[in-house]
Amino acid sequence: MAVKMVNLTIDNHPVSVPAGTLVVDAAKKVGIEIPVFCYHPKMDPVGMCRLCLVEIGRPMVDRATNQPVLEADGSPKISFGPKLETACTTPVSEGMVVLTENDKVSEARKDILEFILTSHPLDCPVCDKGGECPLQNLTMRFGPGESRFLFDEKMRLAKQVPLGELILLDRERCIQCARCVRFQKEIVDDPVIGFSQRGRALEIVTFSDPGFDSIFSGNTTDICPVGALTTSDFRFGARPWEMNAAASLCTHCPVGCNLTINVRREARAGGRDVIKRIMPRQNESVNEIWICDKGRFAYHFTESEQRLTEPMMRKGSELVAVSWDEALQAAASRLKKAGEKTITLAGGRLSNEDLFNLCQLTSGLGGQYWMHGTMGGGDLLAQVGVGQGTNLGEFGPGSAILVVASDLHEEAPVWWLRVKQAAERGATLIVASARPTRLDRFAKCVIRYAYGEEVETVTSLVPEYKTDVSEAICAGIQGILGAENLVVFFGSDGLGLEGTTALAAACMELLVKTNHFGRANNGLIAVWPNANTQGAFELGYRPAADLASRLAEAQVAYIAAADPAGDDPALAEALRKTGFIIVQELFMTPTARMADLVLPAQAFTEREGTFVSGERRVQRYYPAVRPISGPRPDFQIAAQIAAQLGFSLEERLASLVFQRLSEAMPDFAGLTYQQLAMVEEQWPLIGRHDLYFGGTGYDNHQGLGVQLKPAAQRLEPLNLPDVPELPPLQAPEGAFLVVPITCLYDRGQTLLPTSLLHERMEKPAIYVHPKLATRVGLEDKQSFQLVLNGISTLVQVIFDENAPEGAALLPRSVGVPIQGPALAQKEIVSG
Amino acid sequence: MNELQKQYPDEIRQILAKYPPEYKRSAVMPLLHLAQRQNGHVSPSAIDEIAEILDVSPTDVVSVAGFYTLFHLEEGGRYRIQICTDLPCALRGAEHFLKAVCEELGVAVGETTPDGLFTVEEVKCLAACHRAPMFQLQGDGEIAYHEDQTIEKFRALVNDLRRHAQTHKEAA
Amino acid sequence: MSGYVLLRHRDIPDLHKLDVYLANGGFAAFKKAVTAMKPEEVLKEVMDSGLRGRGGAGFPTGVKWSFLPNKIWPHYVVANADESEPGTFKDRELLESNPFQFLEGLMLSCYAVQANVGYVYLRGEFWRIAGQIDGCIADLEAAGLLGEKLYGSDYSLRLYTHLGAGAYICGEETALLESIEGNLGQPRLRPPFPATAGLYGKPTVINNVETLANVPPIIERGAAWYRTFGTEKSPGVKIFSLSGNINKPGNYELPLGTTFRELIYTHGGGIPGGRGVKAIMAAGASSTLILANDQSLDTPMDYESTQQLGAPLGSASVIVIDDSVNIAWLVRKTVNFFKHESCGKCTPCREGTFWMDNIARRLISGQGSLKDIDLLYNVASQMQGKCLCALGEFSTMAVASGIEKFRKDFEALVKT
Ligand SMILES: Cc1cc2nc3c(=O)[nH]c(=O)nc-3n(C[C@H](O)[C@H](O)[C@H](O)COP(=O)(O)O)c2cc1C
Ligand code: SF4
Ligand code: FES
């Protein structure tokens with residue numbers, strides 16, 4: 001559909017913009033700055049703050065003839081209204097004349113700023129926002145030079161109101177622009193903060209429990225145009241001008257949100273760089289200008305005191321510190337001896353470069369390499385992953401999104417947000433899940449199945465199989481048939497390796513049968529547990545169903561960024577049989593404790609690398625802090641071991657590793673770090689020079705990344721796997737079914753060191769529907785010994801009406817090992 | 001938590017019937033009025049319950065309650081004596097009347113009598129300018145106008161209300 | 001004048017009872033409309049009558065109704081019974097004593113725009129009146145005058161009350177709609193106007209109680225008859241709420257175009273103690289102050305003539321100020337009202353009313369300086385033309401006109 005263009009002039013610049021564009025945006029596009037406070041380009045205009053007042057004229061039309069009235073020189077006569085108009089609420093119209101610089105407008109800006117400042121405490125010297133404050137900046141540019149308001153008559157209001165444990169409100173600084181309230185309501189559908197009172201007494205309140213109960217709360221501090229909202233993490237932490245900024249990526253989920261890490265060198269940290277805060281970095285195809293609170297706050301693990309700093313070797317029963325030389329030699333000699341009896345096990349938080357060197361090393365030895373994890377199907381994304389050019393931000397009428405077996409709000413919050421917004425723009429959203437999720441409310445069609453029926457459900461959505469299907473499935477099929485584009489998200493809600501692998505195959509079949517693959521905005525997305533699970537798949541890593549026996553038989557297990565012993569007692573058992581264990585890690589994990597050799601690795605903040613997101617976008621992250629002494633990058637350790645063994649891997653720079661990687665891997669062919677660092681102009685314009693427009697988030701100079709073309713888009717033949725049929729899940733008498741679910745705030749290794757989030761973290765508990773509870777004799781809030789796979793753990797029962805009646809829900813990574821659906825028994829503790 | 005629903009099931013049904021089902025939220029003000037009927041203010045549990053009935057966040061409910069002056073989130077006297085001292089009333093002696101009332105009850109504006117019965121408040125125009133001095137009495141779930149006031153009339157009313165409260169207490 | 005058009009209860013006792021209202025010709029107009037007139041015909045009659053909105057803006061009622069697009073349904077009609085402008089108490093009398101005439105007008109309006117649901121938004125303080133209106137609606141339903149298929153036609157109609165809770169701003173029509181929708185009563189951006197996107201985003205007519213009470217006689221007796229009252233551009237009768245320093249305050253139903261002098265001296269019985277009139281406010285607290293003199297006292301009260309004095313007629317709440325009153329005190333009263341009622345949504349009104357209140361308080365407590373008078377004037381001018389809705393503009397009227405016309409009163413309060 002061709003967009004109608006509208007011509008107007010702004011301060012004598014001719015401008016042509018699509019119909020419907022607001023004057024404020026039209027001006028911005030040609031570099032004319034109309035200051036705003038309440039307006040935010042990501043939200044509907046409200047016209048409240050009145051700062052954007054400009055003079056607007058429109059061509060006069062003769063009522064009688066309906067013809068434009070002309071001046072003597074033949075140009076259209078323009079009529080200006082008596083009042084200034086808000087540029088943020090006025091759409092452009094043909095022939096409009098906008099004046100943003102004249103005396104009347106300057107006077108109005110000064111007036112409005114003066115009004116705002118009458119109530120403002122002007123405590124810039126102690127304000128966190130000082131130095132990056134729209135109010136401060138705009139006052140300097142457009143405001144009055146002095147104060148006519150009597151200091152004594154200023155409102156005195158509470159200055160440190162905790163809206164929750166994460167966000168603090170300074171009531172004196174708030175200018176009632178409602179950006180935060182509108183963000184919570186319009187953008188993230190979490191109206192947990194609001195205005196109370198009215199007039200000058202208008203104030204932000206929250207009545208949620210816990211306070212400001214939203215996983216997107218941190219974003220409000222970015223878009224707050226004053227220092228009214230600050231995070232308790234950063235408050236009084238540093239001044240903006242003291243900090244350096246490094247481009248990075250979030251490592252907590254597969255979305256791949258672009259971040260900026262702000263750091264400062266601090267004497268109390270021995271002159272080291274200290275991370276002061278994480279900010280979003282704009283990438284309109286990935287996270288726009290938002291991040292979730294986990295991404296924002298859960299970085300503390302990188303600077304934890306518990307980090308491993310020296311290589312350690314088992315001597316007798318003790319692990320003792322050794323030099324890198326000794327450690328590398330020991331590793332090399334053990335690996336050499338083991339040869340093909342080597343098994344490498346890697347985690348999905350390693351970079352592509354790390355993973356590449358590790359697999360090269362292992363292959364060189366003739367060994368096998370595996371991924372640690374319980375979610376499969378990633379290999380299929382190489383065939384039918386979303387096509388290059390996919391952007392959920394473009395989804396609207398004519399597009400459809402199917403989400404199966406995933407609670408996106410918990411597992412990949414920014415995808416949840418983008419899918420929700422796509423649905424609000426008119427995309428058809430189909431949600432298939434075993435339990436209600438926060439996406440349901442935006443779905444055209446919600447398909448509810450019982451755990452275990454995931455594959456069947458997806459298969460029944462294939463239109464040509466249409467037999468006798470339920471109403472919801474029918475609606476789903478209609479939605480798919482009516483769509484030009486279709487993206488399918490699949491996750492691991494209630495599923496283990498077997499289930500997810502089968503589900504991926506079913507999703508692929510659906511996409512192929514409906515011809516939704518091989519092009520932009522079509523294809524499959526996996527909701528992975530880690531930031532680079534997809535990258536591991538790309539490099540040939542696979543999760544192994546029989547990992548335990550493989551580990552048990554191995555002479556050397558080389559384990560990097562994975563904690564099999566901590567995650568799965570069966571794997572711990574297997575490792576006891578392994579000949580020699582090398583662990584490359586950040587922390588002394590249960591697996592590291594079992595190791596014969598422990599190699600300390602650098603955190604991602606200390607080095608550079610690339611990840612592949614669930615949308616198969618290859619993105620770069622950069623070093624943010626100078627590395628602590630001791631640990632080395634994973635890829636380098638692997639290369640140094642390889643060197644001892646006489647084969648050459650790139651050990652100098654991640655970029656050089658990447659170069660080799662792109663030569664070796666067809667999907668990456670031709671990709672370079674330079675390409676990944678390329679940017680093009682994004683809308684809205686936000687960032688450092690005009691914070692008032694989009695907030696304090698960072699604009700992107702360091703790369704938007706490159707989406708890989710799936711095989712189908714390269715027109716390679718498809719290889720459709722069979723969709724396996726899984727045996728139904730049925731609990732025998734005395735037992736009940738427990739399935740794993742993913743929660744945002746779990747107790748994983750990278751989350752626990754962030755004490756700020758402790759209040760919100762999941763406890764060892766299972767969510768049980770009251771009916772199921774009655775059946776198996778459990779009571780609300782009761783603690784009991786849950787026996788899963790022969791292992792007994794103390795957990796709490798939490799009644800949950802939203803849980804299905806057929807299975808109890810157990811969050812992953814909360815201290816109770818669970819790999820997939822499992823049968824459980826209870827063992828009530830007395831007393 | 002289902003106090004309102006237990007106590008006023010019919011009223012709630014009637015209220016909800018006024019608005020299109022997809023705009024349940026419209027019922028927030030009527031429900032706040034209902035919640036205030038019993039003891040003159042909206043309790044936190046009522047806030048939660050209204051939020052639940054209407055499928056909105058409790059913050060939304062508090063927010064609405066906070067905007068409007070007739071809703072009270074804090075407990076006040078059983079009767080709020082709300083005297084209009086706006087311009088037209090003031091031109092007819094409302095401010096003197098306010099002073100007399102405060103003296104009569106021995107409290108300042110905004111304060112509550114020690115027996116917890118009366119809170120004196122100053123309010124804006126109540127559309128009774130021709131019958132000033134006047135006040136409205138908010139209490140016992142009602143709002144009643146008392147117009148063409150004198151301090152004698154006021155005294156009589158206060159005595160009535162005191163007696164009423166006393167007999168209620170004895171009955172209870 | 002022979003008999004009242006609006007305040008008919010003053011002639012007919014117990015007119016608030018349905019049987020009495022019916023016995024006196026009640027619902028003849030509604031019956032005529034539903035059974036014998038097309039909606040467009042009802043609309044045309046109102047348009048021809050020249051009836052203008054009595055809520056303050058004086059916008060032609062028929063024209064307003066005609067704006068509703070026929071492509072978007074349903075339509076709604078909302079009666080504005082928020083009556084909160086200081087000095088205004090006319091709608092209250094209609095609601096209390098002649099409620100059926102108002103309701104019949106509302107029903108006619110609904111019929112004209114083919115709305116099947118109408119709401120009556122009452123200020124929260126009208127708690128008792130709301131109960132009474134609920135009773136009236138129940139009586140109408142029982143009598144078959146509201147409900148399905150009225151008079152055997154295809155037309156169905158339901159009316160509901162919605163009770164506010166103390167907020168002047170909810171008289172502003174878009175704030176009122178927000179309030180019905182369960183939000184803070186803060187005005188919406190316009191456009192879109194309620195006529196195209198009003199209640200629940202649907203085309204909506206909002207009319208004042210008094211405006212609607214005029215409709216049944218217009219339909220019953222015709223536009224030409226209605227135009228026998230008032231002036232060419234401001235036809236009809238108007239209820240003037242008279243208050244302040246006046247012997248006989250109250251509501252007076254008079255033709256538009258009656259002079260201030262007639263209202264104040266003939267009907268209102270003059271000023272207590274025989275004092276002189278110093279100033280007149282014609283539109284409640286939102287008024288531009290009118291300096292009382294022969295010329296202004298002889299000005300007819302219709303929308304055009306009053307405007308000639310630089311003062312809109314508004315809702316015709318005439319507050320009389322005698323010569324004992326210091327205008328600075330009066331200005332503080334109005335400013336304090338607006339400060340209390342500002343919704344807080346837009347900057348100039350939220351901050352400006354707060355600031356003006358501070359300065360005015362300082363002045364009347366003798367703490368102010370001559371500079372403060374200028375500052376006060378300056379702040380008021382600084383607000384003008386920048387607010388999101390009319391409340392903010394209203395708040396500056398008495399300030400600006402007060403200082404312009406009665407500066408001496410301010411100066412008298414400054415200790416030198
Ligand atoms: C601040 C403000 C307060 C208002 N208060 C009232 C009111 O109490 N009653 C009323 O009928 N109109 C009031 N109005 C006018 C309404 O917005 C609206 O114009 C009117 O209800 C339309 O009805 P009408 O055309 O019948 O006059 C107010 C307007 C503003 C700006
Ligand atoms: S002028 Fe502004 S603050 Fe005042 S009532 Fe209107 S919108 Fe609200
Ligand atoms: S009113 Fe336009 S930016 Fe606030």
# chains A, B, ... in the order shown; residues from 1 in each chain; ligands from 1
$ residues_near_ligand --ligand "ligand 2" --cutoff "7 Å" --atoms "only C-alpha atoms and all ligand atoms" --output "ChimeraX atom specification"
/A:199 /C:169,186-187,342-350,387-393
$ residues_around --residues "range 426-433 of chain A" --least-positions-apart "2" --cutoff "10 Å" --atoms "only C-alpha atoms" --output "number ranges by chain"
A: 392, 394-407, 419-424, 435-437, 439-451, 453-454, 457-458, 472-473, 475-480, 482-483, 485-491, 493-494
$ closest_residue --among "B:Glu74, B:Tyr145, B:Leu161, B:Cys125" --to "ligand 1" --atoms "only C-alpha atoms and all ligand atoms"
B:Cys125
$ residues_around --residues "Glu341 in chain C" --least-positions-apart "6" --cutoff "12 Å" --atoms "only C-alpha atoms" --output "ChimeraX atom specification"
/A:197-202 /B:67-69,123-125 /C:84-86,166-172,185-186,285,334-335,349-350,353-354,391-392,394-395
$ residues_near_ligand --ligand "ligand 3" --cutoff "8 Å" --atoms "only C-alpha atoms and all ligand atoms" --output "PDB file with N, CA and C atoms, in the first residue's frame"
ATOM      1  N   PRO A  35      11.159  21.021  21.370  1.00  0.00           N
ATOM      2  CA  PRO A  35      11.330  20.368  22.660  1.00  0.00           C
ATOM      3  C   PRO A  35      10.023  19.767  23.167  1.00  0.00           C
ATOM      4  N   VAL A  36      10.114  18.646  23.845  1.00  0.00           N
ATOM      5  CA  VAL A  36       8.935  17.971  24.405  1.00  0.00           C
ATOM      6  C   VAL A  36       9.277  17.420  25.782  1.00  0.00           C
ATOM      7  N   PHE A  37       8.271  17.202  26.564  1.00  0.00           N
ATOM      8  CA  PHE A  37       8.432  16.413  27.796  1.00  0.00           C
ATOM      9  C   PHE A  37       7.486  15.221  27.808  1.00  0.00           C
ATOM     10  N   CYS A  38       6.211  15.505  27.603  1.00  0.00           N
ATOM     11  CA  CYS A  38       5.264  14.391  27.726  1.00  0.00           C
ATOM     12  C   CYS A  38       5.271  13.529  26.474  1.00  0.00           C
ATOM     13  N   TYR A  39       5.553  14.126  25.353  1.00  0.00           N
ATOM     14  CA  TYR A  39       5.548  13.333  24.131  1.00  0.00           C
ATOM     15  C   TYR A  39       6.697  12.338  24.135  1.00  0.00           C
ATOM     16  N   HIS A  40       6.409  11.129  23.716  1.00  0.00           N
ATOM     17  CA  HIS A  40       7.465  10.149  23.498  1.00  0.00           C
ATOM     18  C   HIS A  40       7.116   9.413  22.218  1.00  0.00           C
ATOM     19  N   PRO A  45       0.365  10.449  21.681  1.00  0.00           N
ATOM     20  CA  PRO A  45       0.525  11.789  22.254  1.00  0.00           C
ATOM     21  C   PRO A  45      -0.613  12.123  23.217  1.00  0.00           C
ATOM     22  N   VAL A  46      -0.291  12.925  24.204  1.00  0.00           N
ATOM     23  CA  VAL A  46      -1.312  13.354  25.157  1.00  0.00           C
ATOM     24  C   VAL A  46      -1.402  14.874  25.264  1.00  0.00           C
ATOM     25  N   GLY A  47      -0.385  15.557  24.770  1.00  0.00           N
ATOM     26  CA  GLY A  47      -0.461  17.023  24.755  1.00  0.00           C
ATOM     27  C   GLY A  47      -0.589  17.663  26.117  1.00  0.00           C
ATOM     28  N   MET A  48       0.064  17.109  27.112  1.00  0.00           N
ATOM     29  CA  MET A  48      -0.125  17.591  28.477  1.00  0.00           C
ATOM     30  C   MET A  48       0.840  18.689  28.902  1.00  0.00           C
ATOM     31  N   CYS A  49       2.103  18.514  28.522  1.00  0.00           N
ATOM     32  CA  CYS A  49       3.096  19.406  29.121  1.00  0.00           C
ATOM     33  C   CYS A  49       3.103  20.762  28.461  1.00  0.00           C
ATOM     34  N   ARG A  50       2.664  20.832  27.237  1.00  0.00           N
ATOM     35  CA  ARG A  50       2.502  22.061  26.457  1.00  0.00           C
ATOM     36  C   ARG A  50       3.835  22.698  26.058  1.00  0.00           C
ATOM     37  N   LEU A  51       4.931  21.976  26.194  1.00  0.00           N
ATOM     38  CA  LEU A  51       6.212  22.568  25.840  1.00  0.00           C
ATOM     39  C   LEU A  51       6.390  22.674  24.327  1.00  0.00           C
ATOM     40  N   CYS A  52       5.693  21.815  23.613  1.00  0.00           N
ATOM     41  CA  CYS A  52       5.932  21.738  22.179  1.00  0.00           C
ATOM     42  C   CYS A  52       5.103  22.733  21.389  1.00  0.00           C
ATOM     43  N   LEU A  53       4.535  23.727  22.057  1.00  0.00           N
ATOM     44  CA  LEU A  53       3.699  24.706  21.353  1.00  0.00           C
ATOM     45  C   LEU A  53       4.477  25.376  20.221  1.00  0.00           C
ATOM     46  N   THR A  86      -0.054  22.460  19.901  1.00  0.00           N
ATOM     47  CA  THR A  86       0.935  21.464  20.339  1.00  0.00           C
ATOM     48  C   THR A  86       1.391  20.628  19.139  1.00  0.00           C
ATOM     49  N   ALA A  87       2.687  20.709  18.878  1.00  0.00           N
ATOM     50  CA  ALA A  87       3.243  19.975  17.736  1.00  0.00           C
ATOM     51  C   ALA A  87       3.147  18.473  17.948  1.00  0.00           C
ATOM     52  N   CYS A  88       3.023  18.059  19.197  1.00  0.00           N
ATOM     53  CA  CYS A  88       3.029  16.622  19.476  1.00  0.00           C
ATOM     54  C   CYS A  88       1.696  15.981  19.209  1.00  0.00           C
ATOM     55  N   THR A  89       0.645  16.779  19.067  1.00  0.00           N
ATOM     56  CA  THR A  89      -0.672  16.166  18.864  1.00  0.00           C
ATOM     57  C   THR A  89      -1.242  16.504  17.494  1.00  0.00           C
ATOM     58  N   CYS A 177       4.415  14.347  33.678  1.00  0.00           N
ATOM     59  CA  CYS A 177       4.283  14.160  32.232  1.00  0.00           C
ATOM     60  C   CYS A 177       3.584  12.853  31.900  1.00  0.00           C
TER      61      CYS A 177
ATOM     62  N   CYS C 346      -2.391  19.408  32.455  1.00  0.00           N
ATOM     63  CA  CYS C 346      -1.484  20.248  31.671  1.00  0.00           C
ATOM     64  C   CYS C 346      -0.706  21.222  32.548  1.00  0.00           C
TER      65      CYS C 346
END
$ select_by_dssp --residues "range 377-484 of chain A" --states "helix (DSSP H, G or I)" --output "compact mmCIF listing (two decimals) with N, CA and C atoms, in the first residue's frame"
# COMPACT_ATOMS: atom_id res chain seq x y z
N GLY A 378 17.15 -26.93 17.44
CA GLY A 378 17.85 -25.78 16.88
C GLY A 378 18.39 -26.03 15.50
N ASP A 379 18.69 -27.27 15.19
CA ASP A 379 19.20 -27.57 13.86
C ASP A 379 18.17 -27.22 12.79
N LEU A 380 16.89 -27.33 13.15
CA LEU A 380 15.85 -27.04 12.17
C LEU A 380 15.82 -25.55 11.81
N LEU A 381 16.27 -24.74 12.75
CA LEU A 381 16.24 -23.31 12.46
C LEU A 381 17.23 -22.93 11.36
N ALA A 382 18.25 -23.75 11.22
CA ALA A 382 19.18 -23.48 10.12
C ALA A 382 18.47 -23.65 8.78
N GLN A 383 17.42 -24.45 8.79
CA GLN A 383 16.65 -24.63 7.55
C GLN A 383 15.51 -23.64 7.44
N VAL A 384 14.72 -23.57 8.50
CA VAL A 384 13.50 -22.76 8.40
C VAL A 384 13.38 -21.72 9.51
N LEU A 392 9.83 -8.17 13.90
CA LEU A 392 8.51 -8.25 14.54
C LEU A 392 7.86 -6.88 14.63
N GLY A 393 8.68 -5.85 14.62
CA GLY A 393 8.17 -4.49 14.70
C GLY A 393 7.36 -4.10 13.48
N GLU A 394 7.47 -4.88 12.41
CA GLU A 394 6.71 -4.58 11.19
C GLU A 394 5.43 -5.38 11.11
N LEU A 408 6.12 -16.38 27.06
CA LEU A 408 7.13 -15.40 26.63
C LEU A 408 7.39 -14.32 27.67
N HIS A 409 6.36 -13.94 28.39
CA HIS A 409 6.55 -12.87 29.38
C HIS A 409 7.64 -13.24 30.38
N GLU A 410 7.70 -14.50 30.74
CA GLU A 410 8.71 -14.95 31.69
C GLU A 410 10.02 -15.36 31.01
N GLU A 411 9.90 -15.89 29.81
CA GLU A 411 11.08 -16.52 29.20
C GLU A 411 11.87 -15.57 28.32
N PRO A 413 11.11 -11.67 27.78
CA PRO A 413 10.17 -10.57 27.97
C PRO A 413 10.04 -9.63 26.78
N VAL A 414 11.14 -9.31 26.16
CA VAL A 414 11.03 -8.34 25.07
C VAL A 414 10.34 -8.95 23.85
N TRP A 415 10.46 -10.24 23.66
CA TRP A 415 9.64 -10.87 22.60
C TRP A 415 8.17 -10.78 22.96
N TRP A 416 7.88 -11.00 24.22
CA TRP A 416 6.48 -10.87 24.66
C TRP A 416 5.96 -9.49 24.27
N LEU A 417 6.75 -8.49 24.57
CA LEU A 417 6.37 -7.12 24.29
C LEU A 417 6.15 -6.89 22.80
N ARG A 418 7.07 -7.42 22.01
CA ARG A 418 6.99 -7.19 20.57
C ARG A 418 5.82 -7.97 19.95
N VAL A 419 5.59 -9.16 20.47
CA VAL A 419 4.47 -9.95 19.96
C VAL A 419 3.15 -9.28 20.36
N LYS A 420 3.09 -8.83 21.60
CA LYS A 420 1.89 -8.12 22.07
C LYS A 420 1.61 -6.91 21.19
N GLN A 421 2.65 -6.16 20.91
CA GLN A 421 2.43 -4.94 20.12
C GLN A 421 2.06 -5.28 18.68
N ALA A 422 2.63 -6.36 18.17
CA ALA A 422 2.25 -6.79 16.82
C ALA A 422 0.76 -7.11 16.80
N ALA A 423 0.31 -7.81 17.84
CA ALA A 423 -1.11 -8.16 17.91
C ALA A 423 -1.95 -6.89 18.01
N GLU A 424 -1.48 -5.93 18.78
CA GLU A 424 -2.24 -4.69 18.91
C GLU A 424 -2.29 -3.91 17.60
N ARG A 425 -1.25 -4.09 16.80
CA ARG A 425 -1.26 -3.42 15.49
C ARG A 425 -2.11 -4.16 14.48
N ASP A 440 -2.26 -14.37 26.38
CA ASP A 440 -3.60 -14.79 25.98
C ASP A 440 -4.51 -13.61 25.66
N ARG A 441 -4.39 -12.58 26.49
CA ARG A 441 -5.31 -11.46 26.38
C ARG A 441 -5.20 -10.75 25.03
N PHE A 442 -4.08 -10.92 24.35
CA PHE A 442 -3.89 -10.23 23.07
C PHE A 442 -4.13 -11.14 21.88
N GLU A 454 1.42 -31.22 22.95
CA GLU A 454 1.96 -30.10 22.19
C GLU A 454 2.08 -30.44 20.70
N VAL A 455 2.70 -31.59 20.43
CA VAL A 455 2.97 -31.95 19.05
C VAL A 455 1.66 -32.15 18.29
N GLU A 456 0.77 -32.88 18.92
CA GLU A 456 -0.53 -33.13 18.34
C GLU A 456 -1.24 -31.81 18.01
N THR A 457 -1.15 -30.87 18.93
CA THR A 457 -1.82 -29.59 18.73
C THR A 457 -1.27 -28.87 17.50
N VAL A 458 0.06 -28.83 17.40
CA VAL A 458 0.64 -28.13 16.26
C VAL A 458 0.30 -28.85 14.97
N THR A 459 0.35 -30.16 15.01
CA THR A 459 0.04 -30.92 13.81
C THR A 459 -1.40 -30.68 13.36
N SER A 460 -2.29 -30.56 14.35
CA SER A 460 -3.69 -30.36 13.96
C SER A 460 -3.91 -28.99 13.33
N PRO A 463 -3.41 -27.04 7.94
CA PRO A 463 -4.75 -27.02 7.34
C PRO A 463 -5.09 -28.29 6.57
N GLU A 464 -4.11 -28.84 5.87
CA GLU A 464 -4.49 -29.98 5.01
C GLU A 464 -4.79 -31.23 5.83
N TYR A 465 -4.41 -31.24 7.10
CA TYR A 465 -4.75 -32.39 7.94
C TYR A 465 -6.10 -32.24 8.59
N GLU A 471 -12.96 -25.96 18.08
CA GLU A 471 -13.26 -24.62 17.60
C GLU A 471 -11.99 -23.75 17.62
N ALA A 472 -11.24 -23.90 18.71
CA ALA A 472 -10.03 -23.07 18.85
C ALA A 472 -9.03 -23.41 17.76
N ILE A 473 -8.86 -24.68 17.49
CA ILE A 473 -7.93 -25.09 16.43
C ILE A 473 -8.40 -24.54 15.09
N CYS A 474 -9.70 -24.63 14.91
CA CYS A 474 -10.30 -24.13 13.67
C CYS A 474 -9.96 -22.65 13.50
N ALA A 475 -10.15 -21.89 14.58
CA ALA A 475 -9.83 -20.47 14.52
C ALA A 475 -8.36 -20.27 14.23
N GLY A 476 -7.53 -21.12 14.83
CA GLY A 476 -6.10 -21.05 14.58
C GLY A 476 -5.79 -21.28 13.11
N ILE A 477 -6.41 -22.28 12.55
CA ILE A 477 -6.18 -22.59 11.13
C ILE A 477 -6.62 -21.40 10.27
N GLN A 478 -7.78 -20.85 10.62
CA GLN A 478 -8.26 -19.67 9.87
C GLN A 478 -7.22 -18.56 9.91
N GLY A 479 -6.70 -18.33 11.13
CA GLY A 479 -5.71 -17.27 11.30
C GLY A 479 -4.49 -17.51 10.43
N ILE A 480 -4.05 -18.77 10.38
CA ILE A 480 -2.86 -19.10 9.60
C ILE A 480 -3.15 -18.96 8.10
N LEU A 481 -4.33 -19.44 7.71
CA LEU A 481 -4.66 -19.38 6.28
C LEU A 481 -4.79 -17.95 5.79
$ residues_near_ligand --ligand "ligand 1" --cutoff "6 Å" --atoms "only C-alpha atoms and all ligand atoms" --output "count of residues only"
24
$ residues_around --residues "range 314-317 of chain C" --least-positions-apart "4" --cutoff "8 Å" --atoms "only C-alpha atoms" --output "PyMOL selection string"
chain C and resi 54-58+86-89+239-243+281-284+287+303
$ residues_around --residues "Lys28 in chain A" --least-positions-apart "6" --cutoff "12 Å" --atoms "only C-alpha atoms" --output "list in words"
Ile10, Val15, Val17, Thr21, Leu22, Ile34, Pro35, Val36, Pro41, Ala87, Cys88, Thr100, Trp683, Pro684, Leu685, Ile686, Asp690, Tyr692, Phe693 and Gly694 of chain A
$ closest_residue --among "C:Ile319, C:Ser153, C:Gly257, C:Lys371" --to "Lys38 in chain C" --atoms "only C-alpha atoms"
C:Ser153
$ interface_residues --of "chain B" --to "chain C" --cutoff "7 Å" --atoms "only C-alpha atoms" --output "PyMOL selection string"
chain B and resi 18+25-30+64+67-71+86-88+91-92+124-130+143
$ interface_residues --of "chain A" --to "chain B" --cutoff "9 Å" --atoms "only C-alpha atoms" --output "list in words"
Asp190, Pro191, Val192, Ile193, Gly194, Phe195, Ser196, Gln197, Arg198, Leu202, Ile204, Val205, Thr206, Phe207 and Ser208 of chain A
